[in-house]
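Below is work-v7.txt, which holds compact mmCIF, C-alpha atoms.
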```txt
# COMPACT_ATOMS: atom_id res chain seq x y z
CA MET A 1 33.10 44.39 -10.65
CA THR A 2 33.38 46.70 -13.60
CA LEU A 3 32.07 45.54 -16.94
CA SER A 4 33.58 48.09 -19.26
CA GLY A 5 37.15 49.21 -19.68
CA GLN A 6 38.15 46.96 -22.52
CA PRO A 7 38.19 48.41 -25.99
CA SER A 8 35.59 46.80 -28.14
CA ALA A 9 36.35 43.34 -29.44
CA VAL A 10 33.72 43.81 -32.08
CA SER A 11 34.15 44.25 -35.77
CA SER A 12 31.86 46.86 -37.26
CA GLN A 13 28.97 45.62 -39.30
CA GLN A 14 26.25 47.79 -37.84
CA GLY A 15 26.01 49.75 -41.06
CA THR A 16 24.25 46.83 -42.71
CA LEU A 17 21.26 46.87 -40.33
CA THR A 18 18.10 48.86 -40.89
CA PRO A 19 17.26 51.25 -38.03
CA GLN A 20 14.31 49.03 -37.12
CA LEU A 21 16.44 45.86 -36.93
CA GLN A 22 19.07 47.76 -35.02
CA ALA A 23 16.55 48.85 -32.38
CA VAL A 24 15.31 45.29 -31.88
CA LEU A 25 18.85 43.94 -31.78
CA ILE A 26 19.75 46.44 -29.05
CA ARG A 27 16.74 45.21 -27.06
CA LYS A 28 17.74 41.57 -27.55
CA LEU A 29 21.40 42.11 -26.65
CA THR A 30 20.34 43.95 -23.49
CA ALA A 31 18.04 41.09 -22.51
CA LEU A 32 20.84 38.56 -23.05
CA ALA A 33 23.25 40.65 -20.97
CA ASP A 34 20.71 41.28 -18.21
CA ASP A 35 20.11 37.54 -17.73
CA GLU A 36 23.84 37.01 -17.31
CA ILE A 37 24.39 39.92 -14.93
CA ILE A 38 21.55 38.99 -12.59
CA LEU A 39 22.38 35.28 -12.56
CA ALA A 40 26.04 36.11 -11.94
CA HIS A 41 25.00 38.16 -8.94
CA ARG A 42 22.95 35.28 -7.53
CA GLY A 43 25.91 32.95 -8.08
CA GLY A 44 28.20 35.44 -6.40
CA GLU A 45 25.99 35.41 -3.31
CA TRP A 46 27.39 31.98 -2.51
CA THR A 47 30.91 33.33 -2.18
CA GLY A 48 31.97 32.46 1.35
CA HIS A 49 28.79 30.43 1.90
CA ALA A 50 28.96 27.43 -0.45
CA PRO A 51 28.89 23.96 1.13
CA ILE A 52 32.57 23.35 0.39
CA LEU A 53 35.47 25.55 -0.63
CA GLU A 54 35.71 24.01 -4.12
CA GLU A 55 32.10 24.93 -4.83
CA ASP A 56 32.64 28.41 -3.54
CA ILE A 57 35.37 28.72 -6.16
CA ALA A 58 33.30 27.00 -8.85
CA LEU A 59 30.36 29.36 -8.49
CA ALA A 60 32.66 32.36 -8.43
CA ASN A 61 34.22 31.07 -11.67
CA ILE A 62 30.84 30.54 -13.29
CA ALA A 63 29.67 34.00 -12.21
CA GLN A 64 32.85 35.49 -13.66
CA ASP A 65 32.24 33.73 -16.97
CA GLU A 66 28.64 34.96 -17.08
CA LEU A 67 29.84 38.51 -16.49
CA GLY A 68 32.36 37.98 -19.28
CA HIS A 69 29.50 37.01 -21.59
CA ALA A 70 27.47 40.05 -20.47
CA THR A 71 30.48 42.18 -21.39
CA LEU A 72 30.58 40.64 -24.86
CA TYR A 73 26.89 41.37 -25.43
CA LEU A 74 27.20 44.90 -24.10
CA ASP A 75 30.24 45.47 -26.34
CA LEU A 76 28.02 44.53 -29.27
CA ARG A 77 25.41 46.98 -28.03
CA ARG A 78 28.00 49.72 -27.59
CA ALA A 79 29.04 49.26 -31.22
CA LEU A 80 25.42 49.98 -32.18
CA ASP A 81 24.48 52.88 -29.92
CA GLY A 82 27.58 53.93 -27.99
CA SER A 83 26.03 52.97 -24.65
CA ASP A 84 28.21 52.37 -21.60
CA ALA A 85 28.16 48.92 -19.99
CA ASP A 86 28.67 50.19 -16.45
CA GLN A 87 25.86 52.71 -16.82
CA LEU A 88 23.53 49.94 -17.97
CA ALA A 89 24.50 47.52 -15.22
CA PHE A 90 24.72 49.88 -12.27
CA PHE A 91 22.40 52.79 -12.95
CA ARG A 92 19.19 51.26 -14.25
CA ASN A 93 16.25 50.48 -11.97
CA ALA A 94 14.39 47.19 -11.67
CA GLY A 95 11.74 48.27 -14.18
CA GLU A 96 14.41 48.91 -16.78
CA PHE A 97 16.11 45.52 -16.44
CA THR A 98 14.95 42.93 -18.92
CA ASN A 99 16.22 39.70 -17.36
CA VAL A 100 13.93 36.68 -17.09
CA ARG A 101 12.38 36.12 -13.69
CA LEU A 102 14.07 32.71 -13.41
CA VAL A 103 17.45 34.32 -12.73
CA GLU A 104 16.29 36.88 -10.17
CA LEU A 105 14.65 34.43 -7.74
CA PRO A 106 16.50 34.31 -4.40
CA LYS A 107 19.42 31.92 -4.37
CA GLY A 108 17.57 29.29 -2.32
CA ASP A 109 19.36 26.14 -1.15
CA TRP A 110 22.14 24.32 -2.95
CA ALA A 111 19.75 22.13 -4.96
CA PHE A 112 17.83 25.20 -6.14
CA THR A 113 21.06 26.95 -7.11
CA MET A 114 22.48 24.01 -9.06
CA LEU A 115 19.21 23.19 -10.79
CA ARG A 116 18.60 26.79 -11.86
CA GLN A 117 22.13 27.10 -13.16
CA PHE A 118 21.75 23.79 -15.03
CA LEU A 119 18.48 24.87 -16.69
CA PHE A 120 20.03 28.19 -17.68
CA ASP A 121 23.38 26.74 -18.79
CA ALA A 122 21.66 24.28 -21.12
CA TYR A 123 19.58 27.10 -22.60
CA GLU A 124 22.59 29.37 -22.97
CA ALA A 125 24.81 26.69 -24.50
CA LEU A 126 22.18 25.72 -27.07
CA TRP A 127 21.29 29.32 -27.89
CA LEU A 128 24.96 30.18 -28.39
CA ASP A 129 25.49 27.06 -30.45
CA ALA A 130 22.72 28.18 -32.81
CA ALA A 131 23.84 31.83 -32.75
CA ARG A 132 27.21 30.83 -34.21
CA GLY A 133 25.36 30.81 -37.52
CA SER A 134 24.15 34.40 -37.16
CA THR A 135 24.21 36.49 -40.31
CA TYR A 136 25.36 39.38 -38.11
CA ALA A 137 29.06 38.59 -37.97
CA PRO A 138 29.81 40.33 -34.64
CA LEU A 139 27.18 38.20 -32.89
CA ALA A 140 28.40 35.03 -34.59
CA GLU A 141 31.90 35.81 -33.29
CA VAL A 142 30.69 36.35 -29.74
CA ALA A 143 28.67 33.13 -29.81
CA ALA A 144 31.62 31.09 -31.10
CA LYS A 145 33.71 32.47 -28.25
CA ALA A 146 31.22 32.11 -25.40
CA VAL A 147 29.95 28.66 -26.30
CA ARG A 148 33.38 27.18 -25.59
CA GLU A 149 33.19 28.46 -22.03
CA GLU A 150 29.61 27.46 -21.42
CA ARG A 151 30.38 23.78 -21.86
CA PHE A 152 32.22 23.70 -18.53
CA HIS A 153 29.25 25.14 -16.67
CA LEU A 154 26.96 22.53 -18.12
CA GLN A 155 29.32 19.66 -17.25
CA HIS A 156 29.46 20.89 -13.70
CA THR A 157 25.80 21.61 -13.05
CA ALA A 158 24.46 18.53 -14.87
CA LEU A 159 26.62 16.39 -12.59
CA TRP A 160 25.48 18.21 -9.47
CA VAL A 161 21.80 17.83 -10.35
CA GLU A 162 22.37 14.11 -10.88
CA ARG A 163 24.30 13.75 -7.64
CA LEU A 164 21.64 15.58 -5.61
CA ALA A 165 18.68 13.81 -7.24
CA LEU A 166 20.21 10.37 -6.70
CA GLY A 167 21.81 11.18 -3.36
CA THR A 168 20.00 10.98 -0.05
CA GLU A 169 16.29 11.21 0.58
CA GLU A 170 16.87 14.75 1.78
CA SER A 171 18.85 15.85 -1.26
CA ARG A 172 16.29 14.25 -3.57
CA ARG A 173 13.40 15.99 -1.82
CA ARG A 174 15.15 19.33 -2.13
CA THR A 175 15.98 18.79 -5.79
CA GLN A 176 12.40 17.84 -6.61
CA ASN A 177 11.15 20.90 -4.69
CA ALA A 178 13.54 23.08 -6.67
CA LEU A 179 12.27 21.63 -9.94
CA ASP A 180 8.65 22.21 -8.91
CA GLU A 181 9.45 25.80 -8.08
CA LEU A 182 11.64 26.59 -11.10
CA TRP A 183 9.80 24.79 -13.88
CA PRO A 184 6.98 27.35 -14.30
CA HIS A 185 9.65 30.00 -14.91
CA VAL A 186 11.60 28.34 -17.71
CA ALA A 187 9.11 29.18 -20.46
CA GLN A 188 10.15 32.82 -20.32
CA LEU A 189 13.65 31.86 -21.50
CA PHE A 190 12.05 31.02 -24.83
CA ALA A 191 9.77 34.05 -25.09
CA PRO A 192 10.97 36.49 -27.76
CA VAL A 193 11.47 40.20 -27.10
CA PRO A 194 9.10 42.51 -29.02
CA GLY A 195 10.10 42.49 -32.68
CA GLU A 196 12.42 39.48 -32.34
CA ALA A 197 10.70 37.70 -35.25
CA GLU A 198 12.27 40.26 -37.57
CA LEU A 199 15.73 39.39 -36.27
CA VAL A 200 14.99 35.70 -36.77
CA ALA A 201 13.73 36.33 -40.30
CA ALA A 202 16.97 38.18 -41.07
CA GLY A 203 18.99 35.27 -39.67
CA ILE A 204 20.49 37.48 -36.97
CA VAL A 205 19.33 35.46 -33.96
CA PRO A 206 18.20 31.84 -33.67
CA ASP A 207 14.54 30.91 -33.54
CA LEU A 208 13.69 30.35 -29.88
CA GLY A 209 11.18 27.64 -30.73
CA GLU A 210 13.96 25.55 -32.26
CA VAL A 211 16.28 26.25 -29.35
CA ARG A 212 13.50 25.19 -26.98
CA ALA A 213 12.97 21.90 -28.79
CA ARG A 214 16.69 21.08 -28.51
CA TRP A 215 16.72 22.24 -24.90
CA GLU A 216 13.83 19.96 -23.96
CA GLY A 217 15.48 17.12 -25.83
CA PHE A 218 18.52 17.49 -23.59
CA VAL A 219 17.13 18.68 -20.27
CA VAL A 220 14.05 16.48 -19.91
CA PRO A 221 15.81 13.09 -20.36
CA HIS A 222 18.51 14.22 -17.93
CA LEU A 223 16.01 15.26 -15.25
CA THR A 224 13.56 12.38 -15.62
CA GLY A 225 15.55 9.48 -17.12
CA LYS A 226 18.96 9.92 -15.54
CA CYS A 227 17.97 11.68 -12.32
CA GLY A 228 14.55 10.11 -11.78
CA LEU A 229 12.86 13.42 -11.02
CA LEU A 230 9.21 14.06 -11.72
CA LEU A 231 8.52 16.78 -14.22
CA PRO A 232 5.78 19.15 -13.06
CA LEU A 233 2.75 18.84 -15.29
CA THR A 234 2.39 22.43 -16.33
CA LEU A 235 4.93 24.53 -18.09
CA ALA A 236 3.42 27.96 -17.67
CA ASP A 237 3.76 30.24 -20.61
CA ALA A 238 5.58 33.49 -20.29
CA ALA A 239 2.64 35.81 -20.70
CA GLU A 240 4.27 38.86 -19.17
CA GLY A 241 7.19 40.64 -20.74
CA ARG A 242 10.75 40.90 -19.55
CA ASP A 243 10.07 44.28 -17.93
CA VAL A 244 7.77 42.65 -15.34
CA HIS A 245 9.71 41.39 -12.35
CA THR A 246 9.20 39.66 -9.04
CA GLU A 247 9.65 41.56 -5.79
CA HIS A 248 13.14 40.05 -5.56
CA LEU A 249 14.89 42.10 -8.23
CA ALA A 250 14.83 45.51 -6.56
CA PRO A 251 16.60 44.35 -3.36
CA LEU A 252 19.16 42.50 -5.51
CA LEU A 253 19.90 45.67 -7.46
CA ALA A 254 20.10 47.73 -4.28
CA GLU A 255 22.96 45.52 -3.18
CA MET A 256 24.60 45.07 -6.56
CA GLN A 257 24.51 48.76 -7.44
CA GLY A 258 25.17 50.19 -3.97
CA VAL A 259 28.84 50.99 -4.34
CA ALA A 260 28.54 52.35 -7.88
CA ARG A 261 25.67 54.63 -6.93
CA GLN A 262 27.34 55.93 -3.78
CA HIS A 263 30.57 56.65 -5.61
CA ALA A 264 29.27 57.39 -9.08
CA ASN A 265 32.36 59.34 -10.11
CA ALA A 266 34.92 56.93 -8.77
CA GLU A 267 37.32 55.73 -11.43
CA VAL A 268 38.33 52.56 -9.63
CA TRP A 269 36.01 50.66 -7.35
CA MET B 1 65.11 65.09 -36.14
CA GLU B 2 62.67 63.09 -34.03
CA ARG B 3 63.38 59.87 -35.82
CA SER B 4 65.52 57.69 -33.63
CA ALA B 5 67.63 54.86 -34.92
CA ILE B 6 65.39 52.40 -33.13
CA SER B 7 62.11 53.48 -34.68
CA ARG B 8 63.66 53.55 -38.18
CA GLN B 9 64.78 49.97 -37.96
CA LEU B 10 61.91 48.51 -36.01
CA SER B 11 60.38 45.47 -37.63
CA ALA B 12 57.42 43.28 -36.77
CA ASP B 13 59.91 40.61 -35.64
CA ASP B 14 61.33 43.02 -33.06
CA VAL B 15 57.85 43.54 -31.68
CA TRP B 16 57.16 39.80 -31.61
CA ALA B 17 60.45 39.29 -29.76
CA ALA B 18 59.51 41.90 -27.18
CA LEU B 19 56.05 40.40 -26.68
CA ALA B 20 57.63 36.99 -26.11
CA HIS B 21 58.82 38.42 -22.78
CA VAL B 22 55.40 39.62 -21.62
CA PRO B 23 54.30 37.01 -19.07
CA ASP B 24 50.77 35.82 -18.51
CA PRO B 25 50.02 37.52 -15.16
CA GLU B 26 48.30 34.42 -13.79
CA ILE B 27 50.78 31.84 -15.11
CA PRO B 28 54.13 33.62 -15.21
CA VAL B 29 56.07 30.70 -16.76
CA VAL B 30 54.39 31.36 -20.10
CA SER B 31 54.25 34.52 -22.19
CA VAL B 32 51.39 36.04 -24.14
CA THR B 33 52.93 34.78 -27.39
CA ASP B 34 53.44 31.28 -25.93
CA MET B 35 49.73 31.25 -25.16
CA GLY B 36 48.78 32.24 -28.70
CA MET B 37 47.07 35.42 -27.54
CA VAL B 38 48.94 37.67 -29.98
CA ARG B 39 47.42 37.20 -33.42
CA ASP B 40 49.07 39.91 -35.47
CA VAL B 41 51.67 42.65 -35.32
CA ALA B 42 51.67 45.49 -37.82
CA VAL B 43 54.39 48.16 -37.99
CA ASP B 44 53.59 51.29 -39.95
CA GLY B 45 56.38 53.84 -39.56
CA ARG B 46 56.22 54.98 -35.95
CA ARG B 47 52.91 53.31 -35.28
CA VAL B 48 52.49 49.72 -34.07
CA THR B 49 49.23 47.80 -33.95
CA VAL B 50 49.07 44.57 -31.97
CA THR B 51 46.02 42.38 -32.44
CA PHE B 52 45.27 40.31 -29.42
CA THR B 53 42.62 37.69 -28.66
CA PRO B 54 41.25 37.11 -25.17
CA THR B 55 41.53 33.65 -23.62
CA PHE B 56 38.49 33.41 -21.35
CA SER B 57 36.08 36.32 -21.86
CA GLY B 58 35.65 36.84 -18.14
CA CYS B 59 39.36 36.57 -17.31
CA PRO B 60 40.15 39.38 -14.85
CA ALA B 61 43.77 39.49 -16.07
CA LEU B 62 42.80 40.64 -19.56
CA HIS B 63 43.22 44.35 -18.91
CA VAL B 64 46.60 43.73 -17.27
CA ILE B 65 47.69 41.75 -20.32
CA ARG B 66 46.56 44.52 -22.66
CA GLU B 67 48.45 47.14 -20.66
CA SER B 68 51.57 44.97 -20.51
CA ILE B 69 51.52 44.54 -24.28
CA GLY B 70 51.26 48.30 -24.75
CA GLU B 71 54.11 48.93 -22.30
CA ALA B 72 56.37 46.34 -23.91
CA VAL B 73 55.96 47.96 -27.32
CA ARG B 74 56.43 51.49 -25.96
CA ALA B 75 59.64 50.29 -24.32
CA LEU B 76 60.98 49.74 -27.84
CA GLY B 77 60.68 53.48 -28.38
CA VAL B 78 57.37 53.35 -30.21
CA PRO B 79 55.23 56.35 -29.27
CA ASP B 80 52.03 55.22 -30.93
CA VAL B 81 50.76 51.78 -29.93
CA GLU B 82 47.30 50.38 -30.47
CA VAL B 83 46.25 47.08 -28.88
CA ARG B 84 43.26 45.76 -30.75
CA SER B 85 41.02 42.86 -29.79
CA THR B 86 39.62 40.20 -32.04
CA LEU B 87 37.35 37.27 -31.26
CA THR B 88 37.83 35.58 -34.61
CA PRO B 89 38.89 32.86 -34.70
CA PRO B 90 38.12 32.18 -31.03
CA TRP B 91 41.13 31.37 -28.88
CA THR B 92 41.83 27.71 -28.31
CA THR B 93 44.31 25.96 -26.06
CA ASP B 94 45.57 24.22 -29.21
CA TRP B 95 47.50 27.44 -29.89
CA ILE B 96 49.68 27.05 -26.80
CA GLN B 97 53.23 26.46 -28.09
CA PRO B 98 54.80 23.00 -27.56
CA ASP B 99 57.70 24.30 -25.45
CA ALA B 100 55.26 26.31 -23.35
CA ARG B 101 53.29 23.14 -22.69
CA GLU B 102 56.44 21.56 -21.34
CA ARG B 103 57.07 24.62 -19.13
CA LEU B 104 53.52 24.39 -17.82
CA ARG B 105 54.07 20.73 -16.99
CA GLN B 106 57.33 21.44 -15.16
CA TYR B 107 55.55 24.20 -13.27
CA GLY B 108 53.04 21.58 -12.08
CA ILE B 109 50.13 22.40 -14.37
CA ALA B 110 48.92 19.62 -16.66
CA PRO B 111 48.84 21.05 -20.20
CA PRO B 112 45.51 20.91 -22.03
CA ALA B 113 44.51 17.91 -24.12
CA PRO B 114 43.89 18.67 -27.81
CA ALA B 115 40.65 20.66 -28.07
CA GLY B 116 39.90 20.20 -31.76
CA ASP B 117 36.22 20.43 -32.54
CA THR B 118 34.82 19.41 -29.19
CA PRO B 119 31.12 18.60 -29.33
CA LEU B 120 28.99 21.17 -27.56
CA ILE B 121 27.33 18.92 -25.04
CA THR B 122 29.96 16.56 -23.78
CA LEU B 123 29.58 15.91 -20.10
CA ASP B 124 32.88 14.05 -19.74
CA PRO B 125 36.05 15.92 -18.94
CA GLU B 126 39.04 15.31 -21.20
CA PRO B 127 41.73 12.78 -20.17
CA THR B 128 44.47 14.40 -18.11
CA ARG B 129 47.95 13.20 -17.26
CA CYS B 130 49.68 13.89 -13.92
CA PRO B 131 52.38 16.53 -14.61
CA ARG B 132 54.58 14.97 -11.94
CA CYS B 133 54.61 11.22 -12.64
CA GLY B 134 52.82 11.04 -16.00
CA SER B 135 50.06 8.71 -14.79
CA LEU B 136 46.62 8.87 -16.36
CA ASN B 137 45.18 7.48 -13.12
CA VAL B 138 44.01 10.86 -11.90
CA ARG B 139 40.86 12.12 -10.25
CA MET B 140 39.35 15.55 -10.80
CA THR B 141 38.61 17.11 -7.44
CA ALA B 142 37.17 20.39 -8.67
CA SER B 143 36.12 21.35 -12.17
CA PHE B 144 36.93 25.00 -11.48
CA GLY B 145 40.26 26.09 -10.09
CA PRO B 146 41.83 29.30 -8.83
CA THR B 147 41.64 30.78 -12.35
CA LEU B 148 39.02 30.35 -15.09
CA CYS B 149 41.40 28.30 -17.21
CA LYS B 150 42.23 25.54 -14.71
CA ARG B 151 40.76 22.56 -12.87
CA LEU B 152 42.01 20.72 -9.78
CA TYR B 153 43.09 17.08 -9.74
CA VAL B 154 44.70 14.50 -7.50
CA CYS B 155 46.99 11.84 -8.93
CA GLU B 156 46.06 8.38 -7.65
CA SER B 157 49.53 7.04 -8.49
CA CYS B 158 51.83 9.56 -6.82
CA LYS B 159 49.14 11.07 -4.57
CA GLU B 160 50.03 14.64 -5.50
CA PRO B 161 47.34 17.27 -6.06
CA PHE B 162 47.82 19.34 -9.21
CA GLU B 163 46.16 21.86 -11.51
CA GLY B 164 45.19 21.05 -15.09
CA PHE B 165 44.60 23.46 -17.94
CA LYS B 166 41.10 23.21 -19.38
CA SER B 167 40.95 22.18 -23.00
CA VAL B 168 39.11 24.94 -24.83
```

What would you get if you wrote out this structure as C-alpha cells?
Amino acid sequence: MTLSGQPSAVSSQQGTLTPQLQAVLIRKLTALADDEIILAHRGGEWTGHAPILEEDIALANIAQDELGHATLYLDLRRALDGSDADQLAFFRNAGEFTNVRLVELPKGDWAFTMLRQFLFDAYEALWLDAARGSTYAPLAEVAAKAVREERFHLQHTALWVERLALGTEESRRRTQNALDELWPHVAQLFAPVPGEAELVAAGIVPDLGEVRARWEGFVVPHLTGKCGLLLPLTLADAAEGRDVHTEHLAPLLAEMQGVARQHANAEVW
Amino acid sequence: MERSAISRQLSADDVWAALAHVPDPEIPVVSVTDMGMVRDVAVDGRRVTVTFTPTFSGCPALHVIRESIGEAVRALGVPDVEVRSTLTPPWTTDWIQPDARERLRQYGIAPPAPAGDTPLITLDPEPTRCPRCGSLNVRMTASFGPTLCKRLYVCESCKEPFEGFKSV
C-alpha cells in the first residue's frame, strides 16, 4: 500500500519553529508514524486468517486507519523537510525505524492481537486527545482528525478483551498470558524521544507523563476490574531507545518492503 | 482569443453544480457535495481552486475523489484546477445533507446519528434505526464493514441485515 500520493493536507506553520525544535519534531513525527506502520502490518497479517470473516474485515479496517494516521504524520514531516513517505516506509532498515517494540512483536494468537491493539488504541486515543491542544497548528489539526477515528478501534478492542477475559477458561488463560507478555513493553509508549522535553515546553506535543496517568486510569480498571485479569507486578521501564529493536522487526520489514525494493522504480504497485 | 464564452462566465455556483454530480466512489447514491467533503470553491479568472476535506484519513477512495473533482472542473472548460486539502475543521457526518441521508436510507444504509461533540472514550455505539422498517431493535453484527465508514447490523424486527454509517 502506498502512503504518499496525496498533496499535503497541512497548513504551513513550520516557519515559526527554531531549527532545534524542528529537528526534534521531525524525530517525534517519525516515531509516531513508525508505530502506526508497524502495527498496521501486524494487523494486516490476519487478513485471510482471522477467526471469523467479520474480524478479518475489522482488522483490515483498523490497519487501514493506522496507515491513514501514519500518512498524516508523514505529511507533517514532509512539510518540514520535504521527505517522501514511501521512501521512509519502504526503504529504511530495521535500525532506522523508531517504532516501540510493543508493536513489532509477532502477531501471536487472537488474545495477544486484541490486547496489544487495545493497549495501543487507548494510548493513541489519549495522546491524540491531548495533542488537539498543540500550539503547532498543523499537529493540532491532525490530532483533531485522527482522534475521531481512533474511538472506533477502542470500542472494538476493549469489548474483545472483555469477551476473551470473561469467556472460557481457555480464552481467559490466553488473555492473561498475553497481558503477562505485553505488559513489560508498554512503558516504552511513554518514553520520550531525545529532546522531546523541549517540544513539551513549547506546547507542541503533550507531556507523556500526563498521558500515561490518564492511560492507566482507563486501562487498569478495564483490565482488572471489568475483565478480572491480574496485572503483572512489574512495569519495566523503557531503558533502551526507539532505535533498539527485537529480532522480529527485520523479518517483518523484509516482507513489508519486498515489493517496493524489488520494483523500486515502479509507479504503481 | 483564447477566452471562451464558458470561462468568461464561469461562477463558483457553476463549479458547485458540477461537483454535485461527482459521486462518492464507494457510495454512488451520494455526491461529494452531499457528503460535505467540498468546503470551498474559488474562481479566479481561468483558475479554479477547490478545497476538499477527507472523510476517513485512511479511506482508499480519497485519491479517486480528488481526481474526479479535478476532472469535473476541467470538463467545464477550466484549464487550471487545483484541488486542495484541509483538515480544519475535521469532517463530521453531521455535514451530510438531509436529502442525502434519505437517499442513503433508501439505498439500505442507515444514516449516521448526530455526532455532535462525542466524548472521546465512549464504548457504546450510537443508536441506529433499521433503514428498511425503521425499528430501533437492531443488533450490531460487526463494528467494521466493507468500508471504513460503515458498520454491519441485523434488524431484529424485520430480520434484514443492513449497513449503518458510523457517526463521526

Return as an mmCIF file with C-alpha atoms, in the coordinates of the input the residues belonging to chain B that are within 12 Å of chain A, counting only C-alpha atoms.
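Wrote out06.cif, looks like this:
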```cif
data_model
loop_
_atom_site.group_PDB
_atom_site.id
_atom_site.type_symbol
_atom_site.label_atom_id
_atom_site.label_comp_id
_atom_site.auth_asym_id
_atom_site.auth_seq_id
_atom_site.Cartn_x
_atom_site.Cartn_y
_atom_site.Cartn_z
ATOM 1 C CA THR B 51 46.020 42.380 -32.440
ATOM 2 C CA PHE B 52 45.270 40.310 -29.420
ATOM 3 C CA THR B 53 42.620 37.690 -28.660
ATOM 4 C CA PRO B 54 41.250 37.110 -25.170
ATOM 5 C CA THR B 55 41.530 33.650 -23.620
ATOM 6 C CA PHE B 56 38.490 33.410 -21.350
ATOM 7 C CA SER B 57 36.080 36.320 -21.860
ATOM 8 C CA GLY B 58 35.650 36.840 -18.140
ATOM 9 C CA CYS B 59 39.360 36.570 -17.310
ATOM 10 C CA PRO B 60 40.150 39.380 -14.850
ATOM 11 C CA ALA B 61 43.770 39.490 -16.070
ATOM 12 C CA LEU B 62 42.800 40.640 -19.560
ATOM 13 C CA HIS B 63 43.220 44.350 -18.910
ATOM 14 C CA VAL B 64 46.600 43.730 -17.270
ATOM 15 C CA ILE B 65 47.690 41.750 -20.320
ATOM 16 C CA ARG B 66 46.560 44.520 -22.660
ATOM 17 C CA GLU B 67 48.450 47.140 -20.660
ATOM 18 C CA GLU B 82 47.300 50.380 -30.470
ATOM 19 C CA VAL B 83 46.250 47.080 -28.880
ATOM 20 C CA ARG B 84 43.260 45.760 -30.750
ATOM 21 C CA SER B 85 41.020 42.860 -29.790
ATOM 22 C CA THR B 86 39.620 40.200 -32.040
ATOM 23 C CA LEU B 87 37.350 37.270 -31.260
ATOM 24 C CA THR B 88 37.830 35.580 -34.610
ATOM 25 C CA PRO B 89 38.890 32.860 -34.700
ATOM 26 C CA PRO B 90 38.120 32.180 -31.030
ATOM 27 C CA TRP B 91 41.130 31.370 -28.880
ATOM 28 C CA THR B 92 41.830 27.710 -28.310
ATOM 29 C CA THR B 93 44.310 25.960 -26.060
ATOM 30 C CA ALA B 115 40.650 20.660 -28.070
ATOM 31 C CA GLY B 116 39.900 20.200 -31.760
ATOM 32 C CA ASP B 117 36.220 20.430 -32.540
ATOM 33 C CA THR B 118 34.820 19.410 -29.190
ATOM 34 C CA PRO B 119 31.120 18.600 -29.330
ATOM 35 C CA LEU B 120 28.990 21.170 -27.560
ATOM 36 C CA ILE B 121 27.330 18.920 -25.040
ATOM 37 C CA THR B 122 29.960 16.560 -23.780
ATOM 38 C CA LEU B 123 29.580 15.910 -20.100
ATOM 39 C CA ASP B 124 32.880 14.050 -19.740
ATOM 40 C CA PRO B 125 36.050 15.920 -18.940
ATOM 41 C CA GLU B 126 39.040 15.310 -21.200
ATOM 42 C CA MET B 140 39.350 15.550 -10.800
ATOM 43 C CA THR B 141 38.610 17.110 -7.440
ATOM 44 C CA ALA B 142 37.170 20.390 -8.670
ATOM 45 C CA SER B 143 36.120 21.350 -12.170
ATOM 46 C CA PHE B 144 36.930 25.000 -11.480
ATOM 47 C CA GLY B 145 40.260 26.090 -10.090
ATOM 48 C CA PRO B 146 41.830 29.300 -8.830
ATOM 49 C CA THR B 147 41.640 30.780 -12.350
ATOM 50 C CA LEU B 148 39.020 30.350 -15.090
ATOM 51 C CA CYS B 149 41.400 28.300 -17.210
ATOM 52 C CA LYS B 150 42.230 25.540 -14.710
ATOM 53 C CA ARG B 151 40.760 22.560 -12.870
ATOM 54 C CA LEU B 152 42.010 20.720 -9.780
ATOM 55 C CA TYR B 153 43.090 17.080 -9.740
ATOM 56 C CA LYS B 166 41.100 23.210 -19.380
ATOM 57 C CA SER B 167 40.950 22.180 -23.000
ATOM 58 C CA VAL B 168 39.110 24.940 -24.830
#
```

- Message: Need to verify the contact set: Gly36 (chain B), 7 Å, all atoms listed in the file, exclusion of same-chain residues closer than 4 positions in sequence. Can you return it as number ranges by chain?
- Response: B: 32, 95-96

Write the selection just made, keeping C-alpha atoms, as a compact mmCIF listing (two decimals), in the frame of the given file?
```
# COMPACT_ATOMS: atom_id res chain seq x y z
CA VAL B 32 51.39 36.04 -24.14
CA TRP B 95 47.50 27.44 -29.89
CA ILE B 96 49.68 27.05 -26.80
```

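The gap separating CA of Pro28 (chain B) from CA of Ala12 (chain B) is 23.9 Å, in Å to one decimal.
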
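Residues in contact with Leu102 (chain A) at up to 7 Å, not including ones fewer than 3 positions away on its chain and judged by all atoms listed in the file, are Leu105, Leu182, His185 and Val186 of chain A.
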
Deliver the residues from the most recent selection as a file, using C-alpha atoms, as a PDB file, in the frame of the given file.
```pdb
ATOM      1  CA  LEU A 105      14.650  34.430  -7.740  1.00  0.00           C
ATOM      2  CA  LEU A 182      11.640  26.590 -11.100  1.00  0.00           C
ATOM      3  CA  HIS A 185       9.650  30.000 -14.910  1.00  0.00           C
ATOM      4  CA  VAL A 186      11.600  28.340 -17.710  1.00  0.00           C
TER       5      VAL A 186
END
```

Could you give me, as a short mmCIF file (atom, residue, chain, number, x, y, z; two decimals) with C-alpha atoms, in the frame of the given file, the residues within 12 Å of Leu19 (chain B), counting all atoms listed in the file and dropping anything in the same chain fewer than 3 positions from it?
```cif
data_model
loop_
_atom_site.label_atom_id
_atom_site.label_comp_id
_atom_site.auth_asym_id
_atom_site.auth_seq_id
_atom_site.Cartn_x
_atom_site.Cartn_y
_atom_site.Cartn_z
CA ALA B 12 57.42 43.28 -36.77
CA ASP B 13 59.91 40.61 -35.64
CA ASP B 14 61.33 43.02 -33.06
CA VAL B 15 57.85 43.54 -31.68
CA TRP B 16 57.16 39.80 -31.61
CA VAL B 22 55.40 39.62 -21.62
CA PRO B 23 54.30 37.01 -19.07
CA ASP B 24 50.77 35.82 -18.51
CA VAL B 30 54.39 31.36 -20.10
CA SER B 31 54.25 34.52 -22.19
CA VAL B 32 51.39 36.04 -24.14
CA THR B 33 52.93 34.78 -27.39
CA ASP B 34 53.44 31.28 -25.93
CA MET B 35 49.73 31.25 -25.16
CA GLY B 36 48.78 32.24 -28.70
CA MET B 37 47.07 35.42 -27.54
CA VAL B 38 48.94 37.67 -29.98
CA ARG B 39 47.42 37.20 -33.42
CA ASP B 40 49.07 39.91 -35.47
CA VAL B 41 51.67 42.65 -35.32
CA VAL B 50 49.07 44.57 -31.97
CA THR B 51 46.02 42.38 -32.44
CA PHE B 52 45.27 40.31 -29.42
CA ILE B 65 47.69 41.75 -20.32
CA ARG B 66 46.56 44.52 -22.66
CA GLU B 67 48.45 47.14 -20.66
CA SER B 68 51.57 44.97 -20.51
CA ILE B 69 51.52 44.54 -24.28
CA GLY B 70 51.26 48.30 -24.75
CA GLU B 71 54.11 48.93 -22.30
CA ALA B 72 56.37 46.34 -23.91
CA VAL B 73 55.96 47.96 -27.32
CA ARG B 74 56.43 51.49 -25.96
CA ALA B 75 59.64 50.29 -24.32
CA LEU B 76 60.98 49.74 -27.84
#
```
